[in-house]
Amino acid sequence: MSAQNVKLTVAVSGLKNDTGIVKIGLYNSDGTFLKATYKSLASEIKNNQAVVTFENLPAGEYAISTYHDENNNGKLDRNAMGAPSEEYTASNNAKGFMGPPSYADAKFSVNKDSKIEITF
């Protein structure tokens with residue numbers, strides 16, 4: 001019998017405006033975190049919030065990185081110094097020190113249909 005597939009709902013709040021979209025990337029390993037998404041969804045923003053649901057996920061460990069794509073160009077814009085110029089955050093509200101957050105800080109387990117909340 002194969003492992004049960006689950007649904008993961010991600011509720012994002014605290015966005016500074018409803019301009020553009022929110023991009024939510026789901027990662028399933030340390031080696032791919034912030035490099036290659038396992039699955040990715042985008043959502044319109046309503047009342048500074050967005051919600052997406054990843055369906056048919058194998059139960060297991062995941063991490064999320066999300067950003068506010070204000071100008072809707074499909075990427076996280078960076079300034080001249082290479083730092084992100086659009087707001088971004090990760091699951092567990094993991095924060096990197098002088099760099100991106102780590103998979104270890106952002107990871108969480110999903111064993112049943114679940115909902116996580118991420119605040120910008």
# chains A, B, ... in the order shown; residues from 1 in each chain; ligands from 1
call {"tool": "residues_around", "arguments": {"residues": "Gly82 of chain A", "least_positions_apart": "5", "cutoff": "12 Å", "atoms": "only C-alpha atoms", "output": "list in words"}}
result
Leu76, Asp77, Met98, Gly99 and Pro100 of chain A
call {"tool": "residues_around", "arguments": {"residues": "Thr9 of chain A", "least_positions_apart": "2", "cutoff": "12 Å", "atoms": "only C-alpha atoms", "output": "PDB file with N, CA and C atoms, in the first residue's frame"}}
result
ATOM      1  N   VAL A   6      -1.447  13.809   1.080  1.00  0.00           N
ATOM      2  CA  VAL A   6      -2.077  14.796   1.945  1.00  0.00           C
ATOM      3  C   VAL A   6      -2.218  16.128   1.228  1.00  0.00           C
ATOM      4  N   LYS A   7      -3.020  16.985   1.824  1.00  0.00           N
ATOM      5  CA  LYS A   7      -3.200  18.348   1.333  1.00  0.00           C
ATOM      6  C   LYS A   7      -2.525  19.289   2.305  1.00  0.00           C
ATOM      7  N   ALA A  11      -1.528  29.592   4.332  1.00  0.00           N
ATOM      8  CA  ALA A  11      -2.169  30.902   4.452  1.00  0.00           C
ATOM      9  C   ALA A  11      -1.087  31.938   4.730  1.00  0.00           C
ATOM     10  N   VAL A  12      -1.001  32.904   3.850  1.00  0.00           N
ATOM     11  CA  VAL A  12       0.015  33.949   3.971  1.00  0.00           C
ATOM     12  C   VAL A  12      -0.687  35.241   4.353  1.00  0.00           C
ATOM     13  N   ILE A  24       4.591  30.960  -3.876  1.00  0.00           N
ATOM     14  CA  ILE A  24       4.870  30.062  -2.770  1.00  0.00           C
ATOM     15  C   ILE A  24       5.573  28.830  -3.319  1.00  0.00           C
ATOM     16  N   LEU A  26       7.419  25.193  -2.583  1.00  0.00           N
ATOM     17  CA  LEU A  26       7.498  24.081  -1.640  1.00  0.00           C
ATOM     18  C   LEU A  26       8.753  23.275  -1.960  1.00  0.00           C
ATOM     19  N   LEU A  41       3.245  27.399  -6.347  1.00  0.00           N
ATOM     20  CA  LEU A  41       1.936  27.966  -6.643  1.00  0.00           C
ATOM     21  C   LEU A  41       1.999  29.481  -6.493  1.00  0.00           C
ATOM     22  N   ALA A  50      -3.156  35.843   1.263  1.00  0.00           N
ATOM     23  CA  ALA A  50      -3.266  34.902   0.149  1.00  0.00           C
ATOM     24  C   ALA A  50      -3.312  33.495   0.722  1.00  0.00           C
ATOM     25  N   VAL A  51      -4.011  32.610   0.023  1.00  0.00           N
ATOM     26  CA  VAL A  51      -4.080  31.211   0.459  1.00  0.00           C
ATOM     27  C   VAL A  51      -3.902  30.314  -0.759  1.00  0.00           C
ATOM     28  N   VAL A  52      -3.058  29.300  -0.619  1.00  0.00           N
ATOM     29  CA  VAL A  52      -2.919  28.286  -1.670  1.00  0.00           C
ATOM     30  C   VAL A  52      -3.005  26.914  -1.021  1.00  0.00           C
ATOM     31  N   THR A  53      -3.346  25.913  -1.811  1.00  0.00           N
ATOM     32  CA  THR A  53      -3.373  24.536  -1.320  1.00  0.00           C
ATOM     33  C   THR A  53      -2.597  23.637  -2.268  1.00  0.00           C
ATOM     34  N   PHE A  54      -1.594  22.961  -1.709  1.00  0.00           N
ATOM     35  CA  PHE A  54      -0.857  21.938  -2.463  1.00  0.00           C
ATOM     36  C   PHE A  54      -1.600  20.626  -2.238  1.00  0.00           C
ATOM     37  N   GLU A  55      -1.979  19.957  -3.335  1.00  0.00           N
ATOM     38  CA  GLU A  55      -2.750  18.717  -3.234  1.00  0.00           C
ATOM     39  C   GLU A  55      -1.876  17.518  -3.580  1.00  0.00           C
ATOM     40  N   ASN A  56      -2.298  16.357  -3.103  1.00  0.00           N
ATOM     41  CA  ASN A  56      -1.626  15.092  -3.433  1.00  0.00           C
ATOM     42  C   ASN A  56      -0.136  15.096  -3.109  1.00  0.00           C
ATOM     43  N   LEU A  57       0.203  15.602  -1.944  1.00  0.00           N
ATOM     44  CA  LEU A  57       1.603  15.558  -1.505  1.00  0.00           C
ATOM     45  C   LEU A  57       1.864  14.256  -0.763  1.00  0.00           C
ATOM     46  N   ILE A  64       8.951  25.830   3.116  1.00  0.00           N
ATOM     47  CA  ILE A  64       8.338  26.775   2.186  1.00  0.00           C
ATOM     48  C   ILE A  64       9.120  28.068   2.166  1.00  0.00           C
ATOM     49  N   VAL A 110       4.543  16.968   7.475  1.00  0.00           N
ATOM     50  CA  VAL A 110       3.139  16.891   7.100  1.00  0.00           C
ATOM     51  C   VAL A 110       2.772  15.415   7.032  1.00  0.00           C
ATOM     52  N   LYS A 112      -0.739  14.530   7.695  1.00  0.00           N
ATOM     53  CA  LYS A 112      -2.160  14.509   7.404  1.00  0.00           C
ATOM     54  C   LYS A 112      -2.504  15.851   6.773  1.00  0.00           C
ATOM     55  N   ASP A 113      -3.729  15.987   6.297  1.00  0.00           N
ATOM     56  CA  ASP A 113      -4.129  17.279   5.735  1.00  0.00           C
ATOM     57  C   ASP A 113      -3.851  18.356   6.767  1.00  0.00           C
ATOM     58  N   SER A 114      -3.125  19.378   6.355  1.00  0.00           N
ATOM     59  CA  SER A 114      -2.628  20.361   7.313  1.00  0.00           C
ATOM     60  C   SER A 114      -2.764  21.777   6.756  1.00  0.00           C
ATOM     61  N   LYS A 115      -2.688  22.720   7.668  1.00  0.00           N
ATOM     62  CA  LYS A 115      -2.664  24.138   7.274  1.00  0.00           C
ATOM     63  C   LYS A 115      -1.546  24.813   8.053  1.00  0.00           C
ATOM     64  N   ILE A 116      -0.736  25.564   7.363  1.00  0.00           N
ATOM     65  CA  ILE A 116       0.259  26.353   8.071  1.00  0.00           C
ATOM     66  C   ILE A 116       0.050  27.821   7.726  1.00  0.00           C
ATOM     67  N   GLU A 117       0.426  28.674   8.653  1.00  0.00           N
ATOM     68  CA  GLU A 117       0.280  30.106   8.472  1.00  0.00           C
ATOM     69  C   GLU A 117       1.644  30.735   8.424  1.00  0.00           C
ATOM     70  N   ILE A 118       1.824  31.607   7.461  1.00  0.00           N
ATOM     71  CA  ILE A 118       3.086  32.310   7.303  1.00  0.00           C
ATOM     72  C   ILE A 118       2.772  33.807   7.302  1.00  0.00           C
TER      73      ILE A 118
END
call {"tool": "closest_residue", "arguments": {"among": "A:Val10, A:Ala36, A:Ala83, A:Ala90", "to": "Lys107 of chain A", "atoms": "only C-alpha atoms"}}
result
A:Ala90
call {"tool": "atom_distance", "arguments": {"atom1": "atom CA of Lys46 of chain A", "atom2": "atom CA of Glu70 of chain A"}}
result
13.1 Å
call {"tool": "select_by_dssp", "arguments": {"residues": "segment 42-77 of chain A", "states": "strand (DSSP E)", "output": "VMD selection string"}}
result
chain A and resid 42 to 44 50 to 58 60 to 69
call {"tool": "closest_residue", "arguments": {"among": "A:Ser13, A:Ala104, A:Ser40, A:Gly96", "to": "Gly74 of chain A", "atoms": "only C-alpha atoms"}}
result
A:Ser40
call {"tool": "select_by_dssp", "arguments": {"residues": "chain A", "states": "helix (DSSP H, G or I)", "output": "VMD selection string"}}
result
chain A and resid 91 to 93 103 to 106
call {"tool": "decode", "arguments": {"residues": "segment 15-46 of chain A", "atoms": "N, CA, C and O atoms", "output": "mmCIF file, in the first residue's frame"}}
result
data_model
loop_
_atom_site.group_PDB
_atom_site.id
_atom_site.type_symbol
_atom_site.label_atom_id
_atom_site.label_comp_id
_atom_site.auth_asym_id
_atom_site.auth_seq_id
_atom_site.Cartn_x
_atom_site.Cartn_y
_atom_site.Cartn_z
ATOM 1 N N LEU A 15 0.915 40.935 4.226
ATOM 2 C CA LEU A 15 1.471 41.584 3.037
ATOM 3 C C LEU A 15 1.164 43.074 3.098
ATOM 4 O O LEU A 15 0.144 43.486 3.639
ATOM 5 N N LYS A 16 2.073 43.885 2.528
ATOM 6 C CA LYS A 16 1.894 45.331 2.708
ATOM 7 C C LYS A 16 0.858 45.932 1.774
ATOM 8 O O LYS A 16 0.361 47.021 2.024
ATOM 9 N N ASN A 17 0.501 45.216 0.699
ATOM 10 C CA ASN A 17 -0.542 45.708 -0.196
ATOM 11 C C ASN A 17 -1.057 44.539 -1.036
ATOM 12 O O ASN A 17 -0.591 43.415 -0.882
ATOM 13 N N ASP A 18 -2.029 44.805 -1.894
ATOM 14 C CA ASP A 18 -2.616 43.763 -2.733
ATOM 15 C C ASP A 18 -2.050 43.776 -4.154
ATOM 16 O O ASP A 18 -2.603 43.157 -5.052
ATOM 17 N N THR A 19 -0.948 44.494 -4.351
ATOM 18 C CA THR A 19 -0.344 44.617 -5.684
ATOM 19 C C THR A 19 0.418 43.343 -6.042
ATOM 20 O O THR A 19 1.102 42.759 -5.199
ATOM 21 N N GLY A 20 0.309 42.924 -7.297
ATOM 22 C CA GLY A 20 1.077 41.765 -7.753
ATOM 23 C C GLY A 20 0.499 40.460 -7.231
ATOM 24 O O GLY A 20 -0.701 40.335 -6.991
ATOM 25 N N ILE A 21 1.376 39.487 -7.032
ATOM 26 C CA ILE A 21 0.977 38.156 -6.578
ATOM 27 C C ILE A 21 1.935 37.670 -5.494
ATOM 28 O O ILE A 21 3.001 38.241 -5.283
ATOM 29 N N VAL A 22 1.528 36.600 -4.834
ATOM 30 C CA VAL A 22 2.410 35.908 -3.902
ATOM 31 C C VAL A 22 2.822 34.603 -4.560
ATOM 32 O O VAL A 22 1.982 33.878 -5.085
ATOM 33 N N LYS A 23 4.126 34.321 -4.543
ATOM 34 C CA LYS A 23 4.641 33.056 -5.071
ATOM 35 C C LYS A 23 5.054 32.205 -3.876
ATOM 36 O O LYS A 23 5.751 32.684 -2.985
ATOM 37 N N ILE A 24 4.591 30.960 -3.876
ATOM 38 C CA ILE A 24 4.870 30.062 -2.770
ATOM 39 C C ILE A 24 5.573 28.830 -3.319
ATOM 40 O O ILE A 24 5.017 28.107 -4.140
ATOM 41 N N GLY A 25 6.792 28.635 -2.872
ATOM 42 C CA GLY A 25 7.580 27.487 -3.311
ATOM 43 C C GLY A 25 7.665 26.449 -2.213
ATOM 44 O O GLY A 25 7.928 26.774 -1.054
ATOM 45 N N LEU A 26 7.419 25.193 -2.583
ATOM 46 C CA LEU A 26 7.498 24.081 -1.640
ATOM 47 C C LEU A 26 8.753 23.275 -1.960
ATOM 48 O O LEU A 26 9.005 22.948 -3.125
ATOM 49 N N TYR A 27 9.521 22.979 -0.924
ATOM 50 C CA TYR A 27 10.780 22.247 -1.096
ATOM 51 C C TYR A 27 10.733 20.983 -0.258
ATOM 52 O O TYR A 27 10.148 20.982 0.822
ATOM 53 N N ASN A 28 11.369 19.920 -0.749
ATOM 54 C CA ASN A 28 11.327 18.663 -0.014
ATOM 55 C C ASN A 28 12.704 18.125 0.352
ATOM 56 O O ASN A 28 12.839 16.976 0.736
ATOM 57 N N SER A 29 13.752 18.968 0.250
ATOM 58 C CA SER A 29 15.069 18.517 0.699
ATOM 59 C C SER A 29 15.974 19.717 0.940
ATOM 60 O O SER A 29 15.786 20.794 0.366
ATOM 61 N N ASP A 30 16.951 19.504 1.790
ATOM 62 C CA ASP A 30 17.927 20.541 2.110
ATOM 63 C C ASP A 30 18.687 20.948 0.846
ATOM 64 O O ASP A 30 18.948 22.124 0.603
ATOM 65 N N GLY A 31 19.020 19.945 0.030
ATOM 66 C CA GLY A 31 19.829 20.209 -1.157
ATOM 67 C C GLY A 31 19.142 21.071 -2.206
ATOM 68 O O GLY A 31 19.813 21.763 -2.971
ATOM 69 N N THR A 32 17.807 21.053 -2.232
ATOM 70 C CA THR A 32 17.095 21.836 -3.240
ATOM 71 C C THR A 32 16.513 23.130 -2.677
ATOM 72 O O THR A 32 16.011 23.955 -3.426
ATOM 73 N N PHE A 33 16.581 23.309 -1.341
ATOM 74 C CA PHE A 33 15.929 24.465 -0.709
ATOM 75 C C PHE A 33 16.442 25.778 -1.299
ATOM 76 O O PHE A 33 17.637 26.012 -1.362
ATOM 77 N N LEU A 34 15.504 26.589 -1.759
ATOM 78 C CA LEU A 34 15.762 27.889 -2.387
ATOM 79 C C LEU A 34 16.464 27.789 -3.733
ATOM 80 O O LEU A 34 16.839 28.790 -4.313
ATOM 81 N N LYS A 35 16.645 26.550 -4.237
ATOM 82 C CA LYS A 35 17.279 26.387 -5.544
ATOM 83 C C LYS A 35 16.288 25.852 -6.574
ATOM 84 O O LYS A 35 16.127 26.415 -7.639
ATOM 85 N N ALA A 36 15.640 24.752 -6.241
ATOM 86 C CA ALA A 36 14.688 24.144 -7.176
ATOM 87 C C ALA A 36 13.446 23.718 -6.405
ATOM 88 O O ALA A 36 13.539 22.867 -5.526
ATOM 89 N N THR A 37 12.316 24.322 -6.737
ATOM 90 C CA THR A 37 11.094 23.982 -6.014
ATOM 91 C C THR A 37 10.630 22.582 -6.375
ATOM 92 O O THR A 37 10.782 22.132 -7.508
ATOM 93 N N TYR A 38 10.051 21.914 -5.392
ATOM 94 C CA TYR A 38 9.386 20.628 -5.624
ATOM 95 C C TYR A 38 8.033 20.917 -6.267
ATOM 96 O O TYR A 38 7.659 20.303 -7.251
ATOM 97 N N LYS A 39 7.314 21.883 -5.717
ATOM 98 C CA LYS A 39 6.071 22.374 -6.313
ATOM 99 C C LYS A 39 6.000 23.866 -6.042
ATOM 100 O O LYS A 39 6.556 24.349 -5.061
ATOM 101 N N SER A 40 5.291 24.572 -6.912
ATOM 102 C CA SER A 40 5.193 26.013 -6.748
ATOM 103 C C SER A 40 3.789 26.463 -7.121
ATOM 104 O O SER A 40 3.203 25.954 -8.076
ATOM 105 N N LEU A 41 3.245 27.399 -6.347
ATOM 106 C CA LEU A 41 1.936 27.966 -6.643
ATOM 107 C C LEU A 41 1.999 29.481 -6.493
ATOM 108 O O LEU A 41 2.854 29.999 -5.777
ATOM 109 N N ALA A 42 1.094 30.149 -7.158
ATOM 110 C CA ALA A 42 0.996 31.602 -7.034
ATOM 111 C C ALA A 42 -0.437 31.944 -6.682
ATOM 112 O O ALA A 42 -1.361 31.200 -7.005
ATOM 113 N N SER A 43 -0.621 33.075 -6.026
ATOM 114 C CA SER A 43 -1.958 33.479 -5.637
ATOM 115 C C SER A 43 -2.108 34.984 -5.746
ATOM 116 O O SER A 43 -1.162 35.733 -5.490
ATOM 117 N N GLU A 44 -3.322 35.392 -6.098
ATOM 118 C CA GLU A 44 -3.658 36.808 -5.996
ATOM 119 C C GLU A 44 -3.701 37.171 -4.522
ATOM 120 O O GLU A 44 -3.856 36.305 -3.660
ATOM 121 N N ILE A 45 -3.598 38.447 -4.245
ATOM 122 C CA ILE A 45 -3.621 38.944 -2.872
ATOM 123 C C ILE A 45 -4.933 39.678 -2.648
ATOM 124 O O ILE A 45 -5.325 40.519 -3.453
ATOM 125 N N LYS A 46 -5.609 39.323 -1.572
ATOM 126 C CA LYS A 46 -6.842 40.017 -1.201
ATOM 127 C C LYS A 46 -6.721 40.424 0.255
ATOM 128 O O LYS A 46 -6.422 39.568 1.101
#
